[in-house]
Every structure is written in structure tokens, then in C-alpha cells.
Amino acid sequence: MRRPVHRIGVVRRAAQALIGGALVLALWGATARAQGGVPPKLALQVILKVLTYDRTFPTRGSGEFVVLVPHDASQAGEAAAIDGVLGELKDAVLLGRKLRFAQVEVGPHAPLKDAILREHASAVLLLTGSGELLTGSAVEAARALHLYPLSLAPELVEKAAAVGVANHEGRPQILLNLELAKEIGAEFEPSVLRLAKVVKGEH
Amino acid sequence: MLLVLATGGRAHAQAPDTGSKPSGTPASSDIGALDLQSLLDTPIQSVSRREEKTSSAPAAVFVVTGEDIRRQGFRTVAEVLRSMPGVFLTNDGLYPMVGIRGVKLEGDLDTRLLVLVDGHPMNTQVSLGQSNIERDLPINILAVDRIELIKGPVGSVYGADAYFGVVNIVTRTASGVDVFAAGDADQNTAKGFELAAQGAQKWGDLQASVNLGLYRNHGWDYAFPELVGLDRPTPPGGAVPGTDFLIGQNAYGQLKWKDFTLSGGWGQRIKGLPTAPYSAIVGDTRTNFANRTAYLQLAWDHRFGEVVELLAQASYDDNRYDDDIAYPEPPDDFGKFHDTGLDQWVTGEVRATVTPFKGHRDTVGISVQQHATLMHSFYVALPSAVEDPDNGFGVGPIAKNFGTLNAYAMVEQTFADVLTLQGGLTFYAHGLFGSRFTPKLAAVWQPSPDDTVKAIFAQGFRPPTLYESYFEDGLDFITNPALRPETVTSFEAGYERRIAGFASAGVSVYRNRYDGAITSVTVPAPGLDHPPDPDVPTDFRAQFQNAGGFATLGGDLYFNLRYQKLVSAYGGVAVQQLQENDGSVAQIGFAPVTANLAVSTRALWEPLSLALNAAFVSGRLKDVSGTVIPDDPAEVPPYLLVNASARLDVPWVKGLIVQLSVYNLFDSRIIDNIDADHAPLTQLQQPGRQFRLQLEYQL
């Protein structure tokens with residue numbers, strides 16, 4: 001025996017209530033405050049791990065892997081904030097190469113390139129708030145010396161970094177600037193390209 | 001047009017916070033040894049219809065990545081599922097079908113498993129015949145980026161069909177082109193081939209991907225000596241070569257532009273039937289099942305600021321089923337019999353997710369569908385009894401049009417970054433089978449980034465399919481419009497620990513209570529003028545009824561390991577017990593123990609990947625209630641299936657990959673129980689050792 005069908009009214013009322021609820025929530029949420037980014041230690045781990053997918057990594061030396069972390073005078077806060085994270089990773093290694101982070105302040109009288117040569121850096125890690133002068137210097141040095149230009153600030157990847165990390169839907173997402181990566185001689189494996197968001201370079 | 005809004009994630013606040021103890025990795029370890037996928041913590045879309053970490057997902061989730069799929073040489077979604085802990089496959093010669101946590105109801109064509117392709121449901125409301133895990137999908141294996149499996153009911157989020165679990169197939173979108181060619185052979189004879197291509201490209205904001213496939217297989221040359229001398233003429237020795245053929249074609253495409261995604265797929269599968277079901281002519285290659293699936297979907301997914309995300313999507317689906325069953329021509333019988341099933345439907349969905357402050361999220365959504373369905377069974381040479389009451393046969397076309405609605409709300413709150421509580425409620429209404437509220441409550445406690453404890457209460461339900469309720473053919477089946485939805489209530493607790501940044505292991509215990517299980521029972525034929533005679537088959541009919549309930553109590557152990565690019569492994573053991581078995585509906589085919597393992601390594605030489613996967617399934621009872629085969633055993637034996645694969649990235653030809661796989665490496669004797677449609681057969685031996693050679697070229 002077939003059941004009587006009189007559900008349409010219930011269905012319509014439920015639909016109206018839910019759509020109304022969705023709109024209220026949307027308006028409420030639109031006024032709420034914004035959220036933060038990927039925790040820097042996790043971001044740094046992801047970025048460094050991605051470098052191991054560069055087929056040319058084994059040809060880039062065998063001693064210490066030095067990551068230069070430059071900042072200018074206006075970035076003192078960012079530099080202090082990252083200091084603790086770099087300290088936590090001070091004993092880490094990357095494919096057998098001991099990691100060392102070198103924080104340096106750069107400026108008109110302390111060029112980035114000098115710091116790179118002094119520290120024998122293999123990579124340059126840009127922090128949030130890096131200005132055009134600093135990013136421009138980093139790109140130029142990376143091209144000339146075939147260093148990895150890296151960034152903890154997702155917005156800098158387009159113009160100044162080969163590898164970065166963004167927060168996408170609550171999880172880290174790799175950002176790759178393949179044009180810049182190619183310019184520094186890096187060649188990333190397809191397996192990491194499948195996981196990454198490829199960013200079109202602006203430089 | 002039907003609209004749907006969709007959801008937002010938990011925005012930036014919910015990024016995996018490993019600031020103090022990232023991935024459980026000791027500070028002195030090599031970052032190169034960390035597993036990248038673990039660092040990114042494989043995103044899950046299926047649990048709450050948004051991406052989240054597997055470890056913190058409020059459900060029993062398991063993920064197999066595309067990398068593992070390719071290393072293992074899996075060729076279908078079914079083969080991938082078979083490698084997952086707590087899953088086993090059975091095959092009745094028509095479709096591969098999934099059993100989860102020991103349960104595989106007799107005759108169920110995967111109607112209790114929700115299958116999604118990029119979130120789009122593939123299940124139909126007719127379900128005259130379907131599997132949705134093999135060649136009837138609109139994609140082939142080249143398109144798969146990863147497969148996510150949720151074990152247990154998820155009715156509070158997905159509504160109907162998410163009953164035993166959910167399979168979400170996520171396709172690849174990364175730029176590049178793969179071309180794939182494969183040939184299969186058994187130990188002596190060439191058997192089949194597959195051609196497939198996958199491509200994706202990006203031009204500014206526009207991203208496109210395409211997947212095409214063609215598959216043909218001669219199949220296994222079966223012999224059923226047990227049929228000789230029984231009810232039908234049978235070839236010598238019961239040999240039925242050529243009846244197990246399989247033809248599959250698919251096309252899938254996706255276009256993304258800014259917030260818009262247009263996707264569409266088409267798949268066709270035609271399968272020969274070696275068992276000659278429904279008393280068909282034994283060994284006749286005209287007997288076959290055909291499935292055709294097509295859909296088109298347009299979605300708009302937009303984020304308003306950091307805290308609100310809306311999704312609206314509309315889609316059209318067309319799912320067709322046809323079979324031909326060969327019978328002797330007049331005067332011995334009426335010739336070919338044909339079944340048609342058609343389900344065409346439009347879907348609209350709107351979903352909103354709001355993350356107003358750190359640790360809190362609200363999700364609301366509504367999905368509506370309008371179905372136009374048709375079932376028709378007839379002898380090709382005869383009119384229906386409606387058209388010709390004296391000489392006709394059957395009831396003619398059975399058309400049902402109806403709507404469904406699935407509305408849901410979910411609230412999630414995290415306390416002190418360690419405890420997350422989730423509550424959800426779904427209202428589902430079906431134009432033919434009534435309405436229902438389905439709740440869910442879950443708690444996820446993460447005392448450290450490495451430890452996760454989950455407790456989940458969930459319900460699921462499944463309305464009858466149109467086939468179960470309204471199908472009749474004038475021959476074997478009668479209708480039962482009084483069927484009501486079946487339900488499941490589940491309690492589950494689990495603990496998972498991440499180990500040294502490259503491994504994880506977990507344990508789950510659960511109890512599921514199933515009520516009103518829909519199953520086929522034998523009843524007296526209507527209109528008899530005499531008491532039904534057990535010796536006269538035509539005095540009886542098959543009818544689906546809410547025939548009983550049962551409960552399962554069980555536990556899963558599982559692990560996952562990825563160390564650099566050298567070793568990847570996953571697997572587990574599931575042990576379960578059948579309880580409160582009213583009506584014996586779940587006894588047939590129940591597997592008390594299943595175990596799975598998949599291991600691959602590149603340790604010997606980086607371009608060469610060696611892989612091995614194994615599946616163990618304990619013995620299962622058969623349906624021998626009506627057997628006429630002498631000494632027919634009451635159960636099928638346990639088996640161990642082992643497959644091996646070697647995949648070589650040819651070093652001197654960039655982009656070329658050669659893969660050699662051996663399916664059923666030890667030529668194990670694998671036997672599955674099959675349902676009464678195949679009577680007098682009660683079991684089917686599965687293919688033995690098979691060699692597969694694949695060439696893949698990545699541009």
C-alpha cells in the first residue's frame with residue numbers, strides 16, 4: 001500500500017528556513033574578523049622539503065645548507081618573530097646537509113649580495129613586509145648565484161621567490177614560481193608540481 | 001534552475017598548527033625525510049563537505065594518493081578500494097561490489113555506498129544495475145589524484161546512500177599531459193587492452209582538464225561443469241568462452257574560470273554475463289548488461305572575505321541501464337528479454353560556511369533534486385499485457401517522477417585548540433518514501449599534534465530504490481510500494497598517533513545497528529488458485545521487504561607510512577562480529593576478518609618503483625537455500641590475493657614510464673558467493689594470474 005504523499009509543504013518550509021539561515025549567517029560572518037596564516041615553522045618545513053624535489057639539489061654543494069634571512073630596518077618585528085622558529089630548527093638537516101639560518105639586516109650600506117657571499121648562502125628567505133629594494137636584490141642575487149629565493153609571505157612569490165606557502169582552506173599549499181625556478185636552474189619533479197599551485201611570475 | 005550555495009572552509013585559523021611540535025618531528029631529524037603529503041596533511045573534502053586534515057576529521061577516513069595508485073599499478077577504483085583497510089570486493093560476473101567492515105548484503109549493487117567524483121554523486125534512484133566503482137564511471141584511473149574513503153554512515157551530511165560509507169574520487173588538475181596504453185594477458189592468451197589520456201592546462205585564470213579512455217577485455221574463459229545435466233542445455237564441460245567480455249569508454253572534462261567550474265562526464269560499460277543469470281541460455285554472448293552515465297555540472301564557489309564561503313551548483317544527470325537476456329526463440333520460449341532503467345534528474349545545491357571567529361564554524365546547505373525515472377521489462381517479440389491482455393507479457397513501462405530534498409546544518413566549535421565538538425542535523429524528504437531527520441555528534445580531542453582521539457555518533461538511512469519498490473516484470477519480481485527506508489545507528493571511537501613525522505597508526509572500535517534492512521525474499525505468486533507448490537518455481541516471486549535487522553561490533557587497526565621517496569606503505573586489519581541478526585539478512589557474504597597491505601619502494605634504484613599489495617578475506621557463507629548442485633559447499637573459502645608491480649621511469653627517455661604488473665601473483669583460487677539471480681550457481685571463481693604491461697608517457 002503506497003503511503004500518502006503530503007510532504008511538499010514541509011519541504012518548502014524547510015528550504016525557506018535554511019536559505020534564510022544561510023543569509024543571516026553570511027551577513028554575520030562578513031562582519032567577523034579575519035584569520036591568520038600558515039604557522040611559520042610548518043611553512044618553513046614545507047618550503048625546505050619542496051627543495052628536495054629539485055632534481056638539481058644534489059649538485060648544489062654538500063656542506064652546510066645556509067638559509068640567509070634578510071630584513072631591513074622596518075622589519076625588526078618580523079625578524080624577532082621568526083627568530084624563535086629558526087632556533088627550533090637550528091639542529092635540523094636537509095638531505096644530510098646541516099641547516100643553518102643566518103639573520104642579517106641589510107640596507108644601503110649593507111648590500112644583500114655581500115651578506116650572501118659572506119655567509120655562503122644557498123637560499124634566501126624573504127619575510128613578510130620585504131620591500132621592493134630587498135626583493136629586487138634577492139631576485140637579482142638568486143639569478144646571478146643560482147640560489148633558492150624563498151618566501152614566508154605568499155604575496156611575494158609572484159615577484160621574488162621560487163617557493164612559498166599559502167594557507168588554502170585551512171591547509172598549507174605550496175606555491176611555485178616556475179619561471180623564477182627555471183632562471184635559477186631548479187627543476188622540480190612532477191610529483192611536487194601536482195601538489196603545488198603554480199604562480200605566474202611578475203619579474 | 002536550481003541553485004546551490006556552497007561552503008567555506010575554516011579559513012586561515014585552522015591551518016595545521018604545528019608551531020611548537022610540527023608533525024611530531026624531532027628537531028634533529030632530516031627535513032628531507034619528512035613526508036611532504038603528511039606535512040600538507042592530505043586534505044579531505046568528504047567528511048564535512050570541505051577540506052580538512054585526515055587526523056582531525058570527525059569520521060573514520062582513509063586516503064590513497066595518486067602516487068600510491070600509480071606505484072601499485074591499480075587500474076580501477078575498485079582495485080584501489082580493495083587495498084584499503086576494512087574493505088573487500090566481491091564479483092558476481094556482473095559488477096565488482098564493495099563490502100565494508102565485513103558487511104556486503106546479498107544482491108546489493110553498491111546502492112548503500114555513496115560514490116562521488118569531485119563531490120558529484122554518481123548513485124541513481126533506480127539502481128536496476130550499477131556499481132560506480134569500475135568502468136561505468138566517467139573517468140579512468142589516469143584522472144585520479146586521490147581516493148578518500150569514509151567507513152560508516154554519513155547521513156547527517158550527505159543524506160541518502162551514505163549508508164555503509166562514502167567514496168570520494170578527486171581528479172587531477174595539475175598541468176601536464178599523460179598518455180597511457182596497456183595490454184593485459186593471462187598466462188597464455190592475450191586478453192585485453194586499454195588506451196587512456198589525461199591532460200590539463202592553464203591559461204591565465206582559465207584552467208582545463210580532459211580525461212579520455214577506452215577499454216576492452218575478452219575476459220576469463222569460464223567453465224561451469226556443475227551446470228551440466230541440470231535445468232538448461234549446457235555446452236560440453238560447461239565451457240562458456242567469450243561470455244565474460246567487458247567494454248568500457250569514458251570522457252570527462254573540467255573547465256575552471258575564476259570562481260566558476262564547469263564539469264561533465266560520460267561513461268559506458270557493457271559486460272557479458274558468464275553465469276547466464278535468470279535461467280538464460282548458457283554460453284550465449286548476446287546476454288549482457290550495459291550502463292551509461294552522463295552528467296553536466298556548473299558550480300560557483302566564492303569566498304567573501306576570510307570568513308564566508310558560498311557555493312552554488314546546478315547539475316543534470318542521465319543514467320541509463322539496459323540488459324539483454326537471451327532465451328530460446330519460439331516455440332521453445334519467447335526469445336530475447338530486455339530490461340531498461342532510466343533516471344534523469346536535475347540537482348540544485350546551495351551551501352554556506354561561516355567561520356566567524358577562530359575555532360568556530362557553521363555550515364548550512366540545501367540540495368534539491370527532481371527525478372524522472374522509467375523501468376521497463378519485456379520480451380522483445382511480445383507486446384505488454386497492457387497492450388494485449390490475452391497474448392501480452394509484463395506490465396509495460398513503469399514511470400515515476402518525484403523530488404527529493406536534503407537540508408543540513410552543522411556547527412563545530414574548537415576549545416583551547418585541542419577539543420573540537422561537532423553537531424549536525426539533516427532533514428531529508430523523498431517524494432515517494434517520506435521524510436527523516438538524521439543527527440550526528442562527534443568529538444575530536446588532540447592532546448598533542450601527534451595524538452588524536454575521536455568519538456562519533458552518527459546515523460544513516462537509505463530510502464528504497466525504485467527497483468526495490470516498484471519493479472515488476474511479470475516473471476520473477478513483484479512490487480512492494482510499502483517499503484520504508486532502512487536505517488543505521490553507529491557509535492565509534494578511535495585513536496590515531498603520528499610517529500616521527502613519516503608514519504601514523506590508529507585503531508577504531510565501533511558498533512553499528514542496522515534496522516529495516518531491505519532484501520529480496522521469496523513470496524507466493526499473486527493470484528494463485530492453489531497453494532504454492534515448492535516444486536513449481538512459477539508459484540513464487542521475488543519481492544523486496546524490510547526483512548530484518550542486525551548489528552555489527554568490530555574494530556580496525558591501520559597504519560600509513562611514507563619515508564622520503566623510498567618507502568610508502570599502508571594497510572590494516574578489520575575484525576567484526578555479526579550480532580542481533582534478525583532474519584539472517586546479513587549472514588550471507590559476511591566476512592568476519594579482512595586484512596589489506598600495500599607496500600612500495602624505490603630503495604633499489606630511484607627510477608624503479610617496486611610494489612606489492614595483498615588482500616585477505618575470511619570465508620563467507622553462501623546462499624544455498626535453493627541449490628540443486630550436489631555437494632555444494634555452504635561457504636566460500638578464505639583467500640589471499642597478492643598483486644605485484646614494477647614501474648620504471650625510463651631514465652634515458654624523459655617522461656616515459658614502463659610498468660609491468662602481475663595480478664593474482666600466486667594464482668590463488670579466489671571464490672566469491674553470488675546471489676540467487678545466478679541460480680543454480682551459488683559461487684563464482686575469480687580470474688587467476690594475469691600479466692599487465694603498461695606504457696605511460698608524461699609530456
# chains A, B, ... in the order shown; residues from 1 in each chain; ligands from 1

call {"tool": "residues_around", "arguments": {"residues": "Val179 (chain B)", "least_positions_apart": "2", "cutoff": "9 Å", "atoms": "only C-alpha atoms", "output": "ChimeraX atom specification"}}
result
/B:142,177,181,195-199,695-699

call {"tool": "select_by_dssp", "arguments": {"residues": "region 275-442 of chain B", "states": "strand (DSSP E)", "output": "number ranges by chain"}}
result
B: 288-304, 308-325, 337-354, 360-379, 398-415, 419-430, 434-442

call {"tool": "closest_residue", "arguments": {"among": "A:Val165, A:Leu147, A:Leu89, A:Ala186", "to": "chain B", "atoms": "only C-alpha atoms"}}
result
A:Leu89

call {"tool": "residues_around", "arguments": {"residues": "Ala115 (chain A)", "least_positions_apart": "5", "cutoff": "12 Å", "atoms": "only C-alpha atoms", "output": "ChimeraX atom specification"}}
result
/A:66-71,102-107,109-110,120-124,137-138,141

call {"tool": "residues_around", "arguments": {"residues": "Glu183 (chain A)", "least_positions_apart": "2", "cutoff": "12 Å", "atoms": "only C-alpha atoms", "output": "list of chain:residue names"}}
result
A:Val139, A:Glu140, A:Ala141, A:Ala142, A:Arg143, A:Ala144, A:Leu145, A:His146, A:Leu147, A:Tyr148, A:Pro149, A:Ala160, A:Ala161, A:Ala162, A:Asn177, A:Leu178, A:Glu179, A:Leu180, A:Ala181, A:Gly185, A:Ala186, A:Glu187, A:Gly201, A:His203

call {"tool": "atom_distance", "arguments": {"atom1": "CA of Lys654 (chain B)", "atom2": "CA of Thr173 (chain B)"}}
result
21.4 Å

call {"tool": "residues_around", "arguments": {"residues": "Glu64 (chain A)", "least_positions_apart": "5", "cutoff": "10 Å", "atoms": "only C-alpha atoms", "output": "PDB file with N, CA and C atoms, in the first residue's frame"}}
result
ATOM      1  N   VAL A  93      68.614  19.074   9.595  1.00  0.00           N
ATOM      2  CA  VAL A  93      69.431  18.882   8.399  1.00  0.00           C
ATOM      3  C   VAL A  93      68.500  18.724   7.201  1.00  0.00           C
ATOM      4  N   LEU A  94      69.080  18.918   6.031  1.00  0.00           N
ATOM      5  CA  LEU A  94      68.298  18.802   4.806  1.00  0.00           C
ATOM      6  C   LEU A  94      69.043  17.875   3.864  1.00  0.00           C
ATOM      7  N   GLY A  96      70.865  15.459   4.535  1.00  0.00           N
ATOM      8  CA  GLY A  96      72.219  15.247   5.032  1.00  0.00           C
ATOM      9  C   GLY A  96      73.033  16.507   5.222  1.00  0.00           C
ATOM     10  N   ARG A  97      72.554  17.629   4.720  1.00  0.00           N
ATOM     11  CA  ARG A  97      73.303  18.883   4.864  1.00  0.00           C
ATOM     12  C   ARG A  97      72.778  19.626   6.092  1.00  0.00           C
ATOM     13  N   LYS A  98      73.675  19.995   6.968  1.00  0.00           N
ATOM     14  CA  LYS A  98      73.251  20.682   8.175  1.00  0.00           C
ATOM     15  C   LYS A  98      72.662  22.049   7.814  1.00  0.00           C
ATOM     16  N   LEU A  99      71.539  22.324   8.403  1.00  0.00           N
ATOM     17  CA  LEU A  99      70.875  23.590   8.128  1.00  0.00           C
ATOM     18  C   LEU A  99      71.438  24.679   9.039  1.00  0.00           C
ATOM     19  N   ARG A 100      71.634  25.841   8.465  1.00  0.00           N
ATOM     20  CA  ARG A 100      71.995  26.994   9.298  1.00  0.00           C
ATOM     21  C   ARG A 100      71.240  28.215   8.782  1.00  0.00           C
ATOM     22  N   HIS A 120      78.035  32.347   2.613  1.00  0.00           N
ATOM     23  CA  HIS A 120      77.998  31.191   1.693  1.00  0.00           C
ATOM     24  C   HIS A 120      76.579  30.617   1.621  1.00  0.00           C
ATOM     25  N   ALA A 121      75.640  31.509   1.427  1.00  0.00           N
ATOM     26  CA  ALA A 121      74.227  31.111   1.475  1.00  0.00           C
ATOM     27  C   ALA A 121      73.838  30.264   0.269  1.00  0.00           C
ATOM     28  N   SER A 122      72.942  29.335   0.513  1.00  0.00           N
ATOM     29  CA  SER A 122      72.359  28.519  -0.557  1.00  0.00           C
ATOM     30  C   SER A 122      70.945  28.966  -0.893  1.00  0.00           C
TER      31      SER A 122
END

call {"tool": "atom_distance", "arguments": {"atom1": "CA of Ile270 (chain B)", "atom2": "CA of Tyr470 (chain B)"}}
result
24.8 Å

call {"tool": "atom_distance", "arguments": {"atom1": "CA of Leu693 (chain B)", "atom2": "CA of Ala644 (chain B)"}}
result
12.0 Å

call {"tool": "residues_around", "arguments": {"residues": "Ile47 (chain A)", "least_positions_apart": "3", "cutoff": "8 Å", "atoms": "only C-alpha atoms", "output": "ChimeraX atom specification"}}
result
/A:43-44,50-51,150,163-165,174

call {"tool": "closest_residue", "arguments": {"among": "A:Phe57, A:Val38, A:Pro154, A:Pro111", "to": "chain B", "atoms": "only C-alpha atoms"}}
result
A:Val38

call {"tool": "select_by_dssp", "arguments": {"residues": "region 547-683 of chain B", "states": "helix (DSSP H, G or I)", "output": "ChimeraX atom specification"}}
result
/B:582-584,676-678

call {"tool": "closest_residue", "arguments": {"among": "A:Ala81, A:Leu126, A:Val46, A:Leu134", "to": "chain B", "atoms": "only C-alpha atoms"}}
result
A:Val46

call {"tool": "closest_residue", "arguments": {"among": "A:Leu95, A:Ala153, A:Leu86, A:Glu119", "to": "chain B", "atoms": "only C-alpha atoms"}}
result
A:Leu95

call {"tool": "closest_residue", "arguments": {"among": "A:Arg118, A:Asp91, A:Ala79, A:Ser151", "to": "chain B", "atoms": "only C-alpha atoms"}}
result
A:Asp91

call {"tool": "closest_residue", "arguments": {"among": "B:Thr355, B:Thr682, B:Gln690, B:Gln577", "to": "Val628 (chain B)", "atoms": "only C-alpha atoms"}}
result
B:Thr682

call {"tool": "residues_around", "arguments": {"residues": "Arg269 (chain B)", "least_positions_apart": "4", "cutoff": "9 Å", "atoms": "only C-alpha atoms", "output": "PyMOL selection string"}}
result
chain B and resi 134-137+246-250+289-293

call {"tool": "decode", "arguments": {"residues": "region 415-430 of chain B", "atoms": "all heavy atoms", "output": "PDB file, in the first residue's frame"}}
result
ATOM      1  N   PHE B 415      37.748  24.055  21.300  1.00  0.00           N
ATOM      2  CA  PHE B 415      38.065  24.639  22.586  1.00  0.00           C
ATOM      3  C   PHE B 415      39.559  24.470  22.861  1.00  0.00           C
ATOM      4  O   PHE B 415      40.086  23.351  22.796  1.00  0.00           O
ATOM      5  CB  PHE B 415      37.258  23.953  23.700  1.00  0.00           C
ATOM      6  CG  PHE B 415      35.765  24.068  23.508  1.00  0.00           C
ATOM      7  CD1 PHE B 415      35.064  23.065  22.847  1.00  0.00           C
ATOM      8  CD2 PHE B 415      35.069  25.178  23.959  1.00  0.00           C
ATOM      9  CE1 PHE B 415      33.692  23.159  22.649  1.00  0.00           C
ATOM     10  CE2 PHE B 415      33.698  25.277  23.769  1.00  0.00           C
ATOM     11  CZ  PHE B 415      33.007  24.272  23.110  1.00  0.00           C
ATOM     12  N   ALA B 416      40.194  25.563  23.195  1.00  0.00           N
ATOM     13  CA  ALA B 416      41.606  25.565  23.601  1.00  0.00           C
ATOM     14  C   ALA B 416      42.498  24.842  22.597  1.00  0.00           C
ATOM     15  O   ALA B 416      43.530  24.270  22.976  1.00  0.00           O
ATOM     16  CB  ALA B 416      41.754  24.933  24.991  1.00  0.00           C
ATOM     17  N   ASP B 417      42.130  24.856  21.338  1.00  0.00           N
ATOM     18  CA  ASP B 417      42.923  24.248  20.259  1.00  0.00           C
ATOM     19  C   ASP B 417      43.098  22.745  20.387  1.00  0.00           C
ATOM     20  O   ASP B 417      43.873  22.143  19.644  1.00  0.00           O
ATOM     21  CB  ASP B 417      44.320  24.899  20.166  1.00  0.00           C
ATOM     22  CG  ASP B 417      44.233  26.311  19.636  1.00  0.00           C
ATOM     23  OD1 ASP B 417      43.277  26.603  18.895  1.00  0.00           O
ATOM     24  OD2 ASP B 417      45.115  27.110  19.974  1.00  0.00           O
ATOM     25  N   VAL B 418      42.424  22.109  21.329  1.00  0.00           N
ATOM     26  CA  VAL B 418      42.633  20.668  21.487  1.00  0.00           C
ATOM     27  C   VAL B 418      41.354  19.846  21.391  1.00  0.00           C
ATOM     28  O   VAL B 418      41.400  18.656  21.090  1.00  0.00           O
ATOM     29  CB  VAL B 418      43.324  20.332  22.834  1.00  0.00           C
ATOM     30  CG1 VAL B 418      44.723  20.915  22.875  1.00  0.00           C
ATOM     31  CG2 VAL B 418      42.507  20.822  24.010  1.00  0.00           C
ATOM     32  N   LEU B 419      40.235  20.445  21.662  1.00  0.00           N
ATOM     33  CA  LEU B 419      38.987  19.690  21.663  1.00  0.00           C
ATOM     34  C   LEU B 419      38.010  20.324  20.678  1.00  0.00           C
ATOM     35  O   LEU B 419      37.702  21.518  20.767  1.00  0.00           O
ATOM     36  CB  LEU B 419      38.353  19.673  23.059  1.00  0.00           C
ATOM     37  CG  LEU B 419      36.986  18.973  23.153  1.00  0.00           C
ATOM     38  CD1 LEU B 419      37.119  17.486  22.827  1.00  0.00           C
ATOM     39  CD2 LEU B 419      36.373  19.168  24.532  1.00  0.00           C
ATOM     40  N   THR B 420      37.535  19.536  19.752  1.00  0.00           N
ATOM     41  CA  THR B 420      36.565  20.023  18.772  1.00  0.00           C
ATOM     42  C   THR B 420      35.287  19.214  18.907  1.00  0.00           C
ATOM     43  O   THR B 420      35.319  17.976  18.905  1.00  0.00           O
ATOM     44  CB  THR B 420      37.113  19.871  17.340  1.00  0.00           C
ATOM     45  OG1 THR B 420      38.303  20.639  17.219  1.00  0.00           O
ATOM     46  CG2 THR B 420      36.094  20.361  16.317  1.00  0.00           C
ATOM     47  N   LEU B 421      34.196  19.916  19.039  1.00  0.00           N
ATOM     48  CA  LEU B 421      32.886  19.274  19.090  1.00  0.00           C
ATOM     49  C   LEU B 421      32.128  19.634  17.829  1.00  0.00           C
ATOM     50  O   LEU B 421      32.149  20.786  17.384  1.00  0.00           O
ATOM     51  CB  LEU B 421      32.100  19.729  20.322  1.00  0.00           C
ATOM     52  CG  LEU B 421      32.745  19.457  21.682  1.00  0.00           C
ATOM     53  CD1 LEU B 421      31.855  19.958  22.813  1.00  0.00           C
ATOM     54  CD2 LEU B 421      33.016  17.959  21.854  1.00  0.00           C
ATOM     55  N   GLN B 422      31.468  18.650  17.262  1.00  0.00           N
ATOM     56  CA  GLN B 422      30.708  18.887  16.035  1.00  0.00           C
ATOM     57  C   GLN B 422      29.318  18.296  16.191  1.00  0.00           C
ATOM     58  O   GLN B 422      29.160  17.167  16.665  1.00  0.00           O
ATOM     59  CB  GLN B 422      31.408  18.228  14.849  1.00  0.00           C
ATOM     60  CG  GLN B 422      30.738  18.550  13.517  1.00  0.00           C
ATOM     61  CD  GLN B 422      31.245  17.651  12.393  1.00  0.00           C
ATOM     62  OE1 GLN B 422      30.986  16.460  12.357  1.00  0.00           O
ATOM     63  NE2 GLN B 422      31.969  18.251  11.470  1.00  0.00           N
ATOM     64  N   GLY B 423      28.339  19.062  15.804  1.00  0.00           N
ATOM     65  CA  GLY B 423      26.970  18.569  15.809  1.00  0.00           C
ATOM     66  C   GLY B 423      26.314  18.885  14.479  1.00  0.00           C
ATOM     67  O   GLY B 423      26.509  19.966  13.921  1.00  0.00           O
ATOM     68  N   GLY B 424      25.559  17.949  13.962  1.00  0.00           N
ATOM     69  CA  GLY B 424      24.916  18.168  12.674  1.00  0.00           C
ATOM     70  C   GLY B 424      23.532  17.544  12.633  1.00  0.00           C
ATOM     71  O   GLY B 424      23.231  16.588  13.360  1.00  0.00           O
ATOM     72  N   LEU B 425      22.698  18.114  11.818  1.00  0.00           N
ATOM     73  CA  LEU B 425      21.347  17.583  11.664  1.00  0.00           C
ATOM     74  C   LEU B 425      20.939  17.742  10.204  1.00  0.00           C
ATOM     75  O   LEU B 425      21.110  18.811   9.617  1.00  0.00           O
ATOM     76  CB  LEU B 425      20.362  18.332  12.558  1.00  0.00           C
ATOM     77  CG  LEU B 425      18.925  17.778  12.578  1.00  0.00           C
ATOM     78  CD1 LEU B 425      18.902  16.396  13.216  1.00  0.00           C
ATOM     79  CD2 LEU B 425      18.007  18.718  13.329  1.00  0.00           C
ATOM     80  N   THR B 426      20.411  16.670   9.647  1.00  0.00           N
ATOM     81  CA  THR B 426      19.967  16.699   8.256  1.00  0.00           C
ATOM     82  C   THR B 426      18.486  16.343   8.185  1.00  0.00           C
ATOM     83  O   THR B 426      18.015  15.434   8.872  1.00  0.00           O
ATOM     84  CB  THR B 426      20.768  15.690   7.419  1.00  0.00           C
ATOM     85  OG1 THR B 426      22.083  16.175   7.252  1.00  0.00           O
ATOM     86  CG2 THR B 426      20.157  15.511   6.039  1.00  0.00           C
ATOM     87  N   PHE B 427      17.785  17.084   7.353  1.00  0.00           N
ATOM     88  CA  PHE B 427      16.397  16.739   7.061  1.00  0.00           C
ATOM     89  C   PHE B 427      16.342  16.284   5.610  1.00  0.00           C
ATOM     90  O   PHE B 427      16.754  16.999   4.704  1.00  0.00           O
ATOM     91  CB  PHE B 427      15.492  17.962   7.255  1.00  0.00           C
ATOM     92  CG  PHE B 427      14.078  17.721   6.796  1.00  0.00           C
ATOM     93  CD1 PHE B 427      13.213  16.931   7.548  1.00  0.00           C
ATOM     94  CD2 PHE B 427      13.620  18.275   5.605  1.00  0.00           C
ATOM     95  CE1 PHE B 427      11.914  16.711   7.120  1.00  0.00           C
ATOM     96  CE2 PHE B 427      12.319  18.054   5.170  1.00  0.00           C
ATOM     97  CZ  PHE B 427      11.467  17.262   5.929  1.00  0.00           C
ATOM     98  N   TYR B 428      15.867  15.077   5.413  1.00  0.00           N
ATOM     99  CA  TYR B 428      15.787  14.535   4.060  1.00  0.00           C
ATOM    100  C   TYR B 428      14.344  14.159   3.767  1.00  0.00           C
ATOM    101  O   TYR B 428      13.673  13.516   4.586  1.00  0.00           O
ATOM    102  CB  TYR B 428      16.667  13.290   3.929  1.00  0.00           C
ATOM    103  CG  TYR B 428      16.674  12.694   2.549  1.00  0.00           C
ATOM    104  CD1 TYR B 428      17.553  13.156   1.578  1.00  0.00           C
ATOM    105  CD2 TYR B 428      15.795  11.672   2.206  1.00  0.00           C
ATOM    106  CE1 TYR B 428      17.556  12.608   0.309  1.00  0.00           C
ATOM    107  CE2 TYR B 428      15.800  11.119   0.934  1.00  0.00           C
ATOM    108  CZ  TYR B 428      16.682  11.597  -0.011  1.00  0.00           C
ATOM    109  OH  TYR B 428      16.678  11.059  -1.273  1.00  0.00           O
ATOM    110  N   ALA B 429      13.869  14.570   2.632  1.00  0.00           N
ATOM    111  CA  ALA B 429      12.496  14.237   2.237  1.00  0.00           C
ATOM    112  C   ALA B 429      12.506  13.625   0.851  1.00  0.00           C
ATOM    113  O   ALA B 429      13.207  14.095  -0.048  1.00  0.00           O
ATOM    114  CB  ALA B 429      11.635  15.497   2.247  1.00  0.00           C
ATOM    115  N   HIS B 430      11.739  12.571   0.703  1.00  0.00           N
ATOM    116  CA  HIS B 430      11.643  11.858  -0.577  1.00  0.00           C
ATOM    117  C   HIS B 430      10.180  11.869  -0.995  1.00  0.00           C
ATOM    118  O   HIS B 430       9.297  11.559  -0.187  1.00  0.00           O
ATOM    119  CB  HIS B 430      12.141  10.420  -0.386  1.00  0.00           C
ATOM    120  CG  HIS B 430      12.359   9.663  -1.666  1.00  0.00           C
ATOM    121  ND1 HIS B 430      11.339   9.315  -2.516  1.00  0.00           N
ATOM    122  CD2 HIS B 430      13.501   9.192  -2.232  1.00  0.00           C
ATOM    123  CE1 HIS B 430      11.836   8.662  -3.546  1.00  0.00           C
ATOM    124  NE2 HIS B 430      13.156   8.571  -3.395  1.00  0.00           N
TER     125      HIS B 430
END
